[in-house]
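Participant: Here you go, coords.pdb (PDB, C-alpha atoms):
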```pdb
ATOM      1  CA  MET Z   1     -16.452  12.915  -1.656  1.00  0.00           C
ATOM      2  CA  LYS Z   2     -13.063  11.331  -1.046  1.00  0.00           C
ATOM      3  CA  SER Z   3     -11.570   9.470  -3.989  1.00  0.00           C
ATOM      4  CA  ILE Z   4      -8.369   7.828  -5.161  1.00  0.00           C
ATOM      5  CA  ILE Z   5      -6.680   7.952  -8.560  1.00  0.00           C
ATOM      6  CA  LEU Z   6      -4.849   5.060 -10.193  1.00  0.00           C
ATOM      7  CA  LEU Z   7      -2.731   5.334 -13.329  1.00  0.00           C
ATOM      8  CA  GLY Z   8       0.085   3.550 -15.070  1.00  0.00           C
ATOM      9  CA  ASP Z   9       2.522   3.448 -17.953  1.00  0.00           C
ATOM     10  CA  ALA Z  10       3.352   7.092 -18.564  1.00  0.00           C
ATOM     11  CA  HIS Z  11       6.772   6.093 -19.973  1.00  0.00           C
ATOM     12  CA  LEU Z  12       8.158   9.598 -19.493  1.00  0.00           C
ATOM     13  CA  ARG Z  13      11.543  10.406 -21.002  1.00  0.00           C
ATOM     14  CA  GLU Z  14      14.164  13.115 -20.629  1.00  0.00           C
ATOM     15  CA  ARG Z  15      13.363  16.257 -22.663  1.00  0.00           C
ATOM     16  CA  ASP Z  16       9.867  14.883 -23.114  1.00  0.00           C
ATOM     17  CA  PRO Z  17       7.011  17.440 -23.397  1.00  0.00           C
ATOM     18  CA  GLU Z  18       4.798  14.943 -21.592  1.00  0.00           C
ATOM     19  CA  VAL Z  19       6.804  15.573 -18.393  1.00  0.00           C
ATOM     20  CA  ALA Z  20       5.387  19.106 -18.146  1.00  0.00           C
ATOM     21  CA  VAL Z  21       1.867  17.768 -18.748  1.00  0.00           C
ATOM     22  CA  PHE Z  22       2.283  15.189 -16.008  1.00  0.00           C
ATOM     23  CA  LEU Z  23       3.554  17.840 -13.599  1.00  0.00           C
ATOM     24  CA  ASP Z  24       0.429  19.908 -14.360  1.00  0.00           C
ATOM     25  CA  PHE Z  25      -1.700  16.849 -13.652  1.00  0.00           C
ATOM     26  CA  LEU Z  26      -0.058  16.392 -10.246  1.00  0.00           C
ATOM     27  CA  ARG Z  27      -0.447  20.070  -9.375  1.00  0.00           C
ATOM     28  CA  GLN Z  28      -4.136  20.033 -10.313  1.00  0.00           C
ATOM     29  CA  LEU Z  29      -5.180  16.935  -8.387  1.00  0.00           C
ATOM     30  CA  PRO Z  30      -8.525  17.716  -6.756  1.00  0.00           C
ATOM     31  CA  SER Z  31      -8.357  18.322  -3.016  1.00  0.00           C
ATOM     32  CA  GLU Z  32     -10.707  15.383  -2.403  1.00  0.00           C
ATOM     33  CA  THR Z  33      -8.080  13.015  -3.826  1.00  0.00           C
ATOM     34  CA  GLU Z  34      -6.968  10.984  -0.834  1.00  0.00           C
ATOM     35  CA  ALA Z  35      -4.236   9.026  -2.597  1.00  0.00           C
ATOM     36  CA  LEU Z  36      -2.513   8.560  -5.926  1.00  0.00           C
ATOM     37  CA  TYR Z  37      -1.510   5.027  -6.918  1.00  0.00           C
ATOM     38  CA  LEU Z  38       1.060   4.689  -9.694  1.00  0.00           C
ATOM     39  CA  LEU Z  39       1.169   1.205 -11.198  1.00  0.00           C
ATOM     40  CA  GLY Z  40       4.642   1.285 -12.647  1.00  0.00           C
ATOM     41  CA  ASP Z  41       6.598   2.410 -15.699  1.00  0.00           C
ATOM     42  CA  LEU Z  42       6.191   6.078 -14.874  1.00  0.00           C
ATOM     43  CA  PHE Z  43       9.427   6.533 -16.831  1.00  0.00           C
ATOM     44  CA  ASP Z  44      10.818   4.579 -19.750  1.00  0.00           C
ATOM     45  CA  LEU Z  45      13.666   3.710 -17.392  1.00  0.00           C
ATOM     46  CA  TRP Z  46      13.908   4.398 -13.646  1.00  0.00           C
ATOM     47  CA  ILE Z  47      16.832   3.011 -11.680  1.00  0.00           C
ATOM     48  CA  GLY Z  48      16.951   3.658  -7.951  1.00  0.00           C
ATOM     49  CA  SER Z  49      20.445   5.119  -7.834  1.00  0.00           C
ATOM     50  CA  PRO Z  50      21.366   8.848  -7.935  1.00  0.00           C
ATOM     51  CA  ALA Z  51      23.839   8.210 -10.783  1.00  0.00           C
ATOM     52  CA  PHE Z  52      20.990   7.394 -13.164  1.00  0.00           C
ATOM     53  CA  LEU Z  53      18.580  10.203 -12.305  1.00  0.00           C
ATOM     54  CA  THR Z  54      17.782  12.844 -14.909  1.00  0.00           C
ATOM     55  CA  ASP Z  55      16.190  16.259 -14.484  1.00  0.00           C
ATOM     56  CA  SER Z  56      12.842  14.690 -15.348  1.00  0.00           C
ATOM     57  CA  HIS Z  57      13.176  12.096 -12.590  1.00  0.00           C
ATOM     58  CA  LEU Z  58      14.103  14.804 -10.093  1.00  0.00           C
ATOM     59  CA  SER Z  59      11.287  17.213 -10.997  1.00  0.00           C
ATOM     60  CA  ILE Z  60       8.595  14.518 -10.852  1.00  0.00           C
ATOM     61  CA  ALA Z  61       9.927  13.132  -7.563  1.00  0.00           C
ATOM     62  CA  ARG Z  62       9.913  16.613  -6.002  1.00  0.00           C
ATOM     63  CA  GLU Z  63       6.280  17.138  -7.000  1.00  0.00           C
ATOM     64  CA  LEU Z  64       5.253  13.748  -5.634  1.00  0.00           C
ATOM     65  CA  GLU Z  65       6.986  14.556  -2.358  1.00  0.00           C
ATOM     66  CA  ARG Z  66       5.137  17.885  -2.255  1.00  0.00           C
ATOM     67  CA  LEU Z  67       1.841  16.022  -2.627  1.00  0.00           C
ATOM     68  CA  ARG Z  68       2.686  13.822   0.328  1.00  0.00           C
ATOM     69  CA  GLU Z  69       3.700  16.817   2.414  1.00  0.00           C
ATOM     70  CA  GLY Z  70       0.285  18.311   1.608  1.00  0.00           C
ATOM     71  CA  GLY Z  71      -1.514  15.233   2.937  1.00  0.00           C
ATOM     72  CA  GLN Z  72      -2.160  13.222  -0.246  1.00  0.00           C
ATOM     73  CA  GLU Z  73      -0.613   9.766  -0.133  1.00  0.00           C
ATOM     74  CA  VAL Z  74       1.367   8.404  -3.075  1.00  0.00           C
ATOM     75  CA  ILE Z  75       2.010   4.672  -3.526  1.00  0.00           C
ATOM     76  CA  TYR Z  76       4.161   3.146  -6.276  1.00  0.00           C
ATOM     77  CA  VAL Z  77       4.043  -0.402  -7.635  1.00  0.00           C
ATOM     78  CA  GLU Z  78       7.179  -1.153  -9.634  1.00  0.00           C
ATOM     79  CA  GLY Z  79       6.787  -2.027 -13.305  1.00  0.00           C
ATOM     80  CA  ASN Z  80       9.105  -3.744 -15.725  1.00  0.00           C
ATOM     81  CA  ARG Z  81      10.925  -0.461 -16.424  1.00  0.00           C
ATOM     82  CA  ASP Z  82      11.616   0.196 -12.705  1.00  0.00           C
ATOM     83  CA  TYR Z  83      14.610  -1.076 -10.760  1.00  0.00           C
ATOM     84  CA  HIS Z  84      15.314  -0.887  -7.016  1.00  0.00           C
ATOM     85  CA  LEU Z  85      13.286   2.251  -6.299  1.00  0.00           C
ATOM     86  CA  LYS Z  86      12.419   1.283  -2.734  1.00  0.00           C
ATOM     87  CA  GLY Z  87      15.728   2.259  -1.148  1.00  0.00           C
ATOM     88  CA  LEU Z  88      15.749   5.685  -2.784  1.00  0.00           C
ATOM     89  CA  TYR Z  89      12.094   6.742  -2.534  1.00  0.00           C
ATOM     90  CA  ASP Z  90      10.273   4.740   0.151  1.00  0.00           C
ATOM     91  CA  GLY Z  91       9.071   7.301   2.711  1.00  0.00           C
ATOM     92  CA  GLY Z  92      10.065  10.240   0.476  1.00  0.00           C
ATOM     93  CA  ALA Z  93       8.342  10.677  -2.853  1.00  0.00           C
ATOM     94  CA  PHE Z  94       6.285   7.570  -2.048  1.00  0.00           C
ATOM     95  CA  GLY Z  95       4.636   6.405   1.130  1.00  0.00           C
ATOM     96  CA  GLU Z  96       5.535   2.917  -0.032  1.00  0.00           C
ATOM     97  CA  VAL Z  97       7.221   1.293  -3.013  1.00  0.00           C
ATOM     98  CA  ALA Z  98       5.800  -2.182  -3.684  1.00  0.00           C
ATOM     99  CA  GLU Z  99       8.041  -4.422  -5.758  1.00  0.00           C
ATOM    100  CA  GLU Z 100       5.289  -6.785  -6.964  1.00  0.00           C
ATOM    101  CA  GLY Z 101       1.861  -5.986  -5.510  1.00  0.00           C
ATOM    102  CA  PHE Z 102       0.017  -3.822  -3.008  1.00  0.00           C
ATOM    103  CA  ASP Z 103      -3.168  -4.551  -1.027  1.00  0.00           C
ATOM    104  CA  PHE Z 104      -5.418  -2.019   0.674  1.00  0.00           C
ATOM    105  CA  VAL Z 105      -9.046  -1.246   1.527  1.00  0.00           C
ATOM    106  CA  PHE Z 106     -10.871   1.817   0.249  1.00  0.00           C
ATOM    107  CA  GLY Z 107     -14.555   2.278   0.966  1.00  0.00           C
ATOM    108  CA  PRO Z 108     -16.329  -1.042   0.340  1.00  0.00           C
ATOM    109  CA  ARG Z 109     -13.538  -2.397  -1.886  1.00  0.00           C
ATOM    110  CA  ARG Z 110     -10.685  -4.737  -0.970  1.00  0.00           C
ATOM    111  CA  ILE Z 111      -8.129  -3.936  -3.654  1.00  0.00           C
ATOM    112  CA  HIS Z 112      -5.000  -5.566  -5.036  1.00  0.00           C
ATOM    113  CA  LEU Z 113      -2.686  -3.596  -7.320  1.00  0.00           C
ATOM    114  CA  ALA Z 114      -0.116  -5.149  -9.650  1.00  0.00           C
ATOM    115  CA  HIS Z 115       1.764  -3.770 -12.609  1.00  0.00           C
ATOM    116  CA  GLY Z 116       0.670  -6.756 -14.677  1.00  0.00           C
ATOM    117  CA  ASP Z 117       3.950  -7.981 -16.155  1.00  0.00           C
ATOM    118  CA  LEU Z 118       3.725 -11.197 -14.114  1.00  0.00           C
ATOM    119  CA  VAL Z 119       0.129 -12.016 -15.066  1.00  0.00           C
ATOM    120  CA  ASN Z 120       1.036 -14.046 -18.137  1.00  0.00           C
ATOM    121  CA  ARG Z 121       2.715 -17.252 -16.974  1.00  0.00           C
ATOM    122  CA  LYS Z 122       3.310 -18.273 -20.606  1.00  0.00           C
ATOM    123  CA  ASP Z 123       5.760 -15.414 -21.108  1.00  0.00           C
ATOM    124  CA  ARG Z 124       8.656 -17.474 -19.745  1.00  0.00           C
ATOM    125  CA  PRO Z 125      11.525 -15.585 -21.476  1.00  0.00           C
ATOM    126  CA  TYR Z 126      10.422 -12.322 -19.905  1.00  0.00           C
ATOM    127  CA  ARG Z 127       9.886 -13.857 -16.471  1.00  0.00           C
ATOM    128  CA  ALA Z 128      13.408 -15.305 -16.531  1.00  0.00           C
ATOM    129  CA  TRP Z 129      14.865 -11.985 -17.640  1.00  0.00           C
ATOM    130  CA  ARG Z 130      12.928 -10.139 -14.936  1.00  0.00           C
ATOM    131  CA  ARG Z 131      14.337 -12.365 -12.186  1.00  0.00           C
ATOM    132  CA  PHE Z 132      17.843 -11.549 -13.352  1.00  0.00           C
ATOM    133  CA  ALA Z 133      17.339  -7.836 -14.085  1.00  0.00           C
ATOM    134  CA  LYS Z 134      15.596  -7.148 -10.763  1.00  0.00           C
ATOM    135  CA  GLY Z 135      18.296  -8.947  -8.794  1.00  0.00           C
ATOM    136  CA  PRO Z 136      21.223  -7.277  -7.037  1.00  0.00           C
ATOM    137  CA  VAL Z 137      23.935  -8.171  -9.569  1.00  0.00           C
ATOM    138  CA  PRO Z 138      22.922  -5.896 -12.509  1.00  0.00           C
ATOM    139  CA  LEU Z 139      22.467  -2.871 -10.253  1.00  0.00           C
ATOM    140  CA  GLY Z 140      25.821  -3.482  -8.598  1.00  0.00           C
ATOM    141  CA  VAL Z 141      27.522  -3.701 -11.990  1.00  0.00           C
ATOM    142  CA  LEU Z 142      25.803  -0.541 -13.234  1.00  0.00           C
ATOM    143  CA  LYS Z 143      26.831   1.393 -10.131  1.00  0.00           C
ATOM    144  CA  SER Z 144      30.466   0.503 -10.767  1.00  0.00           C
ATOM    145  CA  LEU Z 145      30.454   1.983 -14.293  1.00  0.00           C
ATOM    146  CA  PRO Z 146      31.130   5.598 -15.304  1.00  0.00           C
ATOM    147  CA  ALA Z 147      27.834   7.456 -15.578  1.00  0.00           C
ATOM    148  CA  GLY Z 148      27.804   7.797 -19.378  1.00  0.00           C
ATOM    149  CA  LEU Z 149      28.669   4.164 -19.981  1.00  0.00           C
ATOM    150  CA  ALA Z 150      26.185   3.017 -17.335  1.00  0.00           C
ATOM    151  CA  ARG Z 151      23.390   4.920 -19.059  1.00  0.00           C
ATOM    152  CA  ARG Z 152      24.192   3.316 -22.430  1.00  0.00           C
ATOM    153  CA  VAL Z 153      24.193  -0.145 -20.835  1.00  0.00           C
ATOM    154  CA  ALA Z 154      20.887   0.597 -19.106  1.00  0.00           C
ATOM    155  CA  ASP Z 155      19.348   1.680 -22.407  1.00  0.00           C
ATOM    156  CA  ARG Z 156      20.398  -1.617 -23.981  1.00  0.00           C
ATOM    157  CA  MET Z 157      18.788  -3.455 -21.067  1.00  0.00           C
ATOM    158  CA  GLU Z 158      15.490  -1.759 -21.864  1.00  0.00           C
ATOM    159  CA  ARG Z 159      15.672  -2.684 -25.535  1.00  0.00           C
ATOM    160  CA  ARG Z 160      16.227  -6.304 -24.542  1.00  0.00           C
ATOM    161  CA  ILE Z 161      13.165  -6.240 -22.262  1.00  0.00           C
ATOM    162  CA  ALA Z 162      11.044  -4.900 -25.111  1.00  0.00           C
ATOM    163  CA  GLN Z 163      12.206  -7.748 -27.332  1.00  0.00           C
ATOM    164  CA  THR Z 164      11.575 -10.511 -24.787  1.00  0.00           C
ATOM    165  CA  ASN Z 165       7.907  -9.725 -24.148  1.00  0.00           C
ATOM    166  CA  ARG Z 166       6.705  -8.049 -27.357  1.00  0.00           C
ATOM    167  CA  ARG Z 167       5.104 -11.263 -28.671  1.00  0.00           C
ATOM    168  CA  HIS Z 168       3.042 -11.660 -25.498  1.00  0.00           C
ATOM    169  CA  ARG Z 169       1.642  -8.111 -25.599  1.00  0.00           C
ATOM    170  CA  ILE Z 170       0.171  -8.268 -29.107  1.00  0.00           C
ATOM    171  CA  ARG Z 171      -2.917  -9.953 -27.655  1.00  0.00           C
ATOM    172  CA  PHE Z 172      -4.288  -9.303 -24.182  1.00  0.00           C
ATOM    173  CA  PRO Z 173      -3.938 -12.581 -22.195  1.00  0.00           C
ATOM    174  CA  GLU Z 174      -7.507 -12.694 -20.937  1.00  0.00           C
ATOM    175  CA  GLN Z 175      -7.418 -16.281 -19.700  1.00  0.00           C
ATOM    176  CA  GLU Z 176      -4.195 -15.704 -17.797  1.00  0.00           C
ATOM    177  CA  CYS Z 177      -5.660 -12.508 -16.373  1.00  0.00           C
ATOM    178  CA  ARG Z 178      -8.754 -14.399 -15.242  1.00  0.00           C
ATOM    179  CA  ARG Z 179      -6.613 -17.026 -13.528  1.00  0.00           C
ATOM    180  CA  PHE Z 180      -4.603 -14.285 -11.781  1.00  0.00           C
ATOM    181  CA  ALA Z 181      -7.807 -12.511 -10.720  1.00  0.00           C
ATOM    182  CA  LEU Z 182      -9.422 -15.645  -9.301  1.00  0.00           C
ATOM    183  CA  ASP Z 183      -6.277 -16.312  -7.266  1.00  0.00           C
ATOM    184  CA  GLN Z 184      -6.748 -12.851  -5.754  1.00  0.00           C
ATOM    185  CA  LEU Z 185     -10.452 -13.528  -5.179  1.00  0.00           C
ATOM    186  CA  ARG Z 186      -9.592 -16.632  -3.167  1.00  0.00           C
ATOM    187  CA  ALA Z 187      -7.258 -14.465  -1.081  1.00  0.00           C
ATOM    188  CA  GLY Z 188     -10.145 -12.152  -0.153  1.00  0.00           C
ATOM    189  CA  VAL Z 189      -9.766  -9.447  -2.802  1.00  0.00           C
ATOM    190  CA  ASP Z 190     -12.800  -8.112  -4.680  1.00  0.00           C
ATOM    191  CA  THR Z 191     -11.068  -5.527  -6.903  1.00  0.00           C
ATOM    192  CA  LEU Z 192      -7.946  -6.013  -9.023  1.00  0.00           C
ATOM    193  CA  VAL Z 193      -6.203  -3.168 -10.874  1.00  0.00           C
ATOM    194  CA  LEU Z 194      -3.500  -3.837 -13.476  1.00  0.00           C
ATOM    195  CA  GLY Z 195      -1.366  -1.722 -15.796  1.00  0.00           C
ATOM    196  CA  HIS Z 196       1.248  -2.921 -18.303  1.00  0.00           C
ATOM    197  CA  PHE Z 197      -1.041  -3.865 -21.198  1.00  0.00           C
ATOM    198  CA  HIS Z 198      -1.666  -0.291 -22.423  1.00  0.00           C
ATOM    199  CA  GLN Z 199      -5.351  -0.889 -23.047  1.00  0.00           C
ATOM    200  CA  GLN Z 200      -8.432   0.017 -21.071  1.00  0.00           C
ATOM    201  CA  ALA Z 201     -10.590  -2.902 -19.985  1.00  0.00           C
ATOM    202  CA  ARG Z 202     -13.046  -3.893 -17.279  1.00  0.00           C
ATOM    203  CA  PHE Z 203     -14.048  -7.451 -16.352  1.00  0.00           C
ATOM    204  CA  LEU Z 204     -16.287  -9.062 -13.762  1.00  0.00           C
ATOM    205  CA  TRP Z 205     -15.492 -12.702 -12.979  1.00  0.00           C
ATOM    206  CA  GLU Z 206     -17.247 -15.028 -10.560  1.00  0.00           C
ATOM    207  CA  GLU Z 207     -16.397 -18.202  -8.689  1.00  0.00           C
ATOM    208  CA  GLU Z 208     -18.564 -20.062  -6.161  1.00  0.00           C
ATOM    209  CA  GLY Z 209     -20.917 -17.153  -5.627  1.00  0.00           C
ATOM    210  CA  ARG Z 210     -18.196 -14.566  -5.152  1.00  0.00           C
ATOM    211  CA  ARG Z 211     -16.989 -12.080  -7.733  1.00  0.00           C
ATOM    212  CA  ILE Z 212     -14.016  -9.882  -8.491  1.00  0.00           C
ATOM    213  CA  GLU Z 213     -13.996  -6.743 -10.607  1.00  0.00           C
ATOM    214  CA  VAL Z 214     -10.870  -6.223 -12.703  1.00  0.00           C
ATOM    215  CA  PHE Z 215      -9.700  -2.922 -14.172  1.00  0.00           C
ATOM    216  CA  VAL Z 216      -6.911  -2.788 -16.741  1.00  0.00           C
ATOM    217  CA  LEU Z 217      -5.521   0.728 -16.924  1.00  0.00           C
ATOM    218  CA  PRO Z 218      -5.005   2.474 -20.242  1.00  0.00           C
ATOM    219  CA  SER Z 219      -1.572   3.875 -20.935  1.00  0.00           C
ATOM    220  CA  TRP Z 220      -1.309   7.412 -19.571  1.00  0.00           C
ATOM    221  CA  ARG Z 221       1.082   8.255 -22.377  1.00  0.00           C
ATOM    222  CA  GLU Z 222      -1.399   7.269 -25.077  1.00  0.00           C
ATOM    223  CA  GLY Z 223      -4.394   9.249 -23.829  1.00  0.00           C
ATOM    224  CA  ARG Z 224      -3.709  10.713 -20.366  1.00  0.00           C
ATOM    225  CA  ARG Z 225      -6.364   8.439 -18.940  1.00  0.00           C
ATOM    226  CA  PHE Z 226      -6.657   7.068 -15.427  1.00  0.00           C
ATOM    227  CA  LEU Z 227      -9.075   5.323 -13.077  1.00  0.00           C
ATOM    228  CA  ARG Z 228     -10.918   7.087 -10.271  1.00  0.00           C
ATOM    229  CA  LEU Z 229     -12.563   5.228  -7.370  1.00  0.00           C
ATOM    230  CA  ASP Z 230     -14.717   7.049  -4.841  1.00  0.00           C
ATOM    231  CA  ALA Z 231     -15.378   6.172  -1.208  1.00  0.00           C
ATOM    232  CA  GLU Z 232     -18.735   4.597  -2.056  1.00  0.00           C
ATOM    233  CA  GLY Z 233     -17.122   2.175  -4.507  1.00  0.00           C
ATOM    234  CA  LYS Z 234     -18.035   3.902  -7.771  1.00  0.00           C
ATOM    235  CA  ALA Z 235     -15.390   3.502 -10.473  1.00  0.00           C
ATOM    236  CA  ASP Z 236     -14.906   5.582 -13.629  1.00  0.00           C
ATOM    237  CA  PHE Z 237     -12.178   5.994 -16.199  1.00  0.00           C
ATOM    238  CA  ASP Z 238     -11.322   9.643 -16.675  1.00  0.00           C
ATOM    239  CA  SER Z 239      -8.923  11.777 -18.712  1.00  0.00           C
ATOM    240  CA  PHE Z 240      -6.759  14.812 -18.098  1.00  0.00           C
ATOM    241  CA  ARG Z 241      -6.939  17.944 -20.202  1.00  0.00           C
ATOM    242  CA  ALA Z 242      -5.441  21.394 -19.821  1.00  0.00           C
ATOM    243  CA  GLY Z 243      -7.092  22.846 -16.764  1.00  0.00           C
ATOM    244  CA  GLY Z 244      -7.778  19.523 -15.040  1.00  0.00           C
ATOM    245  CA  ALA Z 245      -9.530  16.188 -15.312  1.00  0.00           C
ATOM    246  CA  GLU Z 246     -12.695  16.002 -17.378  1.00  0.00           C
TER     247      GLU Z 246
END
```
Would you write the structure of this file as structure tokens?

Facilitator:
Amino acid sequence: MKSIILLGDAHLRERDPEVAVFLDFLRQLPSETEALYLLGDLFDLWIGSPAFLTDSHLSIARELERLREGGQEVIYVEGNRDYHLKGLYDGGAFGEVAEEGFDFVFGPRRIHLAHGDLVNRKDRPYRAWRRFAKGPVPLGVLKSLPAGLARRVADRMERRIAQTNRRHRIRFPEQECRRFALDQLRAGVDTLVLGHFHQQARFLWEEEGRRIEVFVLPSWREGRRFLRLDAEGKADFDSFRAGGAE
């Protein structure tokens, strides 16, 4: 039966043994997998400019492009560690790069994907920083710097992001998540999938006789876990081991 796989927050790094594991995962995707949806922060830092790409970025992107050439679609929703990927990868490694959210229908489900970093409206320092960091000015400045200096500046940017939203990730913002989910329900969505919070969760919320099912993805890096949805609407969290998913 056809299925799709959704995962987030691998936070891969250069010279990271987890890169090889992730490549194995991509190469062993079951043939019935119709599409792979990546909900952001695949790398600790991913800037959509050739000057900032490492060997790890290049090897993963090549494998994702190979998947698409073989008929499996790959969609990416940018996370808070991703910057301006659309111009570099849209139509190549990814069928589409969504900067904030992505809507689609699979089987009986009407699905909205979001990384999750904008769910918590109370995290105002992060939201202000995100507006600036995702704008055109920082990327333009980085592109004008020598490669080594640009990388050091980019690393400092990431440390600042971690500091601005750490307080709001200690506790999962369930009420803010519910508000976000009900907004999607009113827009016609019945399934919401989020990453960002690095913890596996599943909720079912109702309003005026309608309901929305919410999946919060675990961090791939912390357990190699992902969500699988089949064409009949069945949903299961799964994990990857040597030799394939179990």

Participant: Which of these, Z:Phe240, Z:Gly87, Z:Pro50, Z:His115, has the shortest distance to Asp24 (chain Z) once you count all atoms listed in the file?

Facilitator: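 Looking at the shortest contact to Asp24 (chain Z), the residue is Z:Phe240.
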
Participant: Applied to this file, what does the PyMOL selection byres ((chain Z and resi 107) around 6) return in terms of residues, put as a JSON list (two decimals) with C-alpha atoms, keeping the file's coordinate frame?

Facilitator:
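Okay, this is what ended up in selection_22.json:
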```json
[["chain", "number", "residue", "atom", "x", "y", "z"],
["Z", 106, "PHE", "CA", -10.87, 1.82, 0.25],
["Z", 108, "PRO", "CA", -16.33, -1.04, 0.34],
["Z", 109, "ARG", "CA", -13.54, -2.40, -1.89],
["Z", 231, "ALA", "CA", -15.38, 6.17, -1.21],
["Z", 232, "GLU", "CA", -18.74, 4.60, -2.06]]
```

Participant: Take the PyMOL selection byres ((chain Z and resi 53-61) around 10), run it mentally on this structure, and tell me the resulting residues as a ChimeraX atom specification.

Facilitator: /Z:12-16,19-20,22-23,26,42-43,45-52,62-67,89,92-94,151

Participant: Using C-alpha atoms, can you write the selected residues to a file as a short mmCIF file (atom, residue, chain, number, x, y, z; two decimals), in the frame of the given file?

Facilitator:
```
data_model
loop_
_atom_site.label_atom_id
_atom_site.label_comp_id
_atom_site.auth_asym_id
_atom_site.auth_seq_id
_atom_site.Cartn_x
_atom_site.Cartn_y
_atom_site.Cartn_z
CA LEU Z 12 8.16 9.60 -19.49
CA ARG Z 13 11.54 10.41 -21.00
CA GLU Z 14 14.16 13.12 -20.63
CA ARG Z 15 13.36 16.26 -22.66
CA ASP Z 16 9.87 14.88 -23.11
CA VAL Z 19 6.80 15.57 -18.39
CA ALA Z 20 5.39 19.11 -18.15
CA PHE Z 22 2.28 15.19 -16.01
CA LEU Z 23 3.55 17.84 -13.60
CA LEU Z 26 -0.06 16.39 -10.25
CA LEU Z 42 6.19 6.08 -14.87
CA PHE Z 43 9.43 6.53 -16.83
CA LEU Z 45 13.67 3.71 -17.39
CA TRP Z 46 13.91 4.40 -13.65
CA ILE Z 47 16.83 3.01 -11.68
CA GLY Z 48 16.95 3.66 -7.95
CA SER Z 49 20.44 5.12 -7.83
CA PRO Z 50 21.37 8.85 -7.94
CA ALA Z 51 23.84 8.21 -10.78
CA PHE Z 52 20.99 7.39 -13.16
CA ARG Z 62 9.91 16.61 -6.00
CA GLU Z 63 6.28 17.14 -7.00
CA LEU Z 64 5.25 13.75 -5.63
CA GLU Z 65 6.99 14.56 -2.36
CA ARG Z 66 5.14 17.89 -2.26
CA LEU Z 67 1.84 16.02 -2.63
CA TYR Z 89 12.09 6.74 -2.53
CA GLY Z 92 10.06 10.24 0.48
CA ALA Z 93 8.34 10.68 -2.85
CA PHE Z 94 6.28 7.57 -2.05
CA ARG Z 151 23.39 4.92 -19.06
#
```

Participant: What does the distance between CA of Tyr126 (chain Z) and CA of Pro173 (chain Z) come to in Å, to one decimal place?

Facilitator: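 Taking CA of Tyr126 (chain Z) and CA of Pro173 (chain Z), their separation equals 14.5 Å.
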
Participant: Could you tell me, as a PyMOL selection string, exactly which residues end up selected when the PyMOL selection byres ((chain Z and resi 189-193) around 6) is applied to this structure?

Facilitator: chain Z and resi 110-113+184-185+187-188+194+212-216

Participant: Could you tell me how far CA of Gly195 (chain Z) sits from CA of Ser31 (chain Z), in Å to one decimal place?

Facilitator: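 Taking CA of Ser31 (chain Z) and CA of Gly195 (chain Z), their separation equals 24.8 Å.
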
Participant: Using all atoms listed in the file, can you tell me which of Z:Phe102, Z:Trp205, Z:Tyr83, Z:Phe180 comes closest to Phe132 (chain Z)?

Facilitator: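 Ranking Z:Phe102, Z:Trp205, Z:Tyr83, Z:Phe180 by distance to Phe132 (chain Z), first place goes to Z:Tyr83.
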
Participant: If I take CA of Pro136 (chain Z) and CA of Asp82 (chain Z), how far is one from the other in Å, to one decimal?

Facilitator: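 Answer for the CA of Pro136 (chain Z) to CA of Asp82 (chain Z) separation: 13.4 Å.
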
Participant: Within 7 Å of Arg225 (chain Z), counting only C-alpha atoms, which residues show up once you throw out same-chain ones fewer than 3 positions away? Write them as an MDAnalysis selection string, please.

Facilitator: chainID Z and resid 218:220 237:240

Participant: May I ask which of the residues Z:Leu149, Z:Leu204, Z:Leu217, Z:Leu88 is the closest one to Gly40 (chain Z), counting only C-alpha atoms?

Facilitator: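 Using only C-alpha atoms, Gly40 (chain Z) sits closest to Z:Leu217.
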
Participant: So for region 6-19 of chain Z, what box centre and size do we get, axis-aligned, 6 Å extra on each of the six sides, every listed atom, Å to one decimal, as lines of an AutoDock Vina configuration file?

Facilitator:
```
center_x = 4.7
center_y = 10.4
center_z = -16.8
size_x = 31.0
size_y = 26.0
size_z = 25.2
```

Participant: Determine the nearest neighbour of Pro17 (chain Z) from the options Z:Leu145, Z:Arg228, Z:Arg221, Z:Gln72, counting all atoms listed in the file.

Facilitator: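 Answer, going by the shortest atom-to-atom distance: Z:Arg221.
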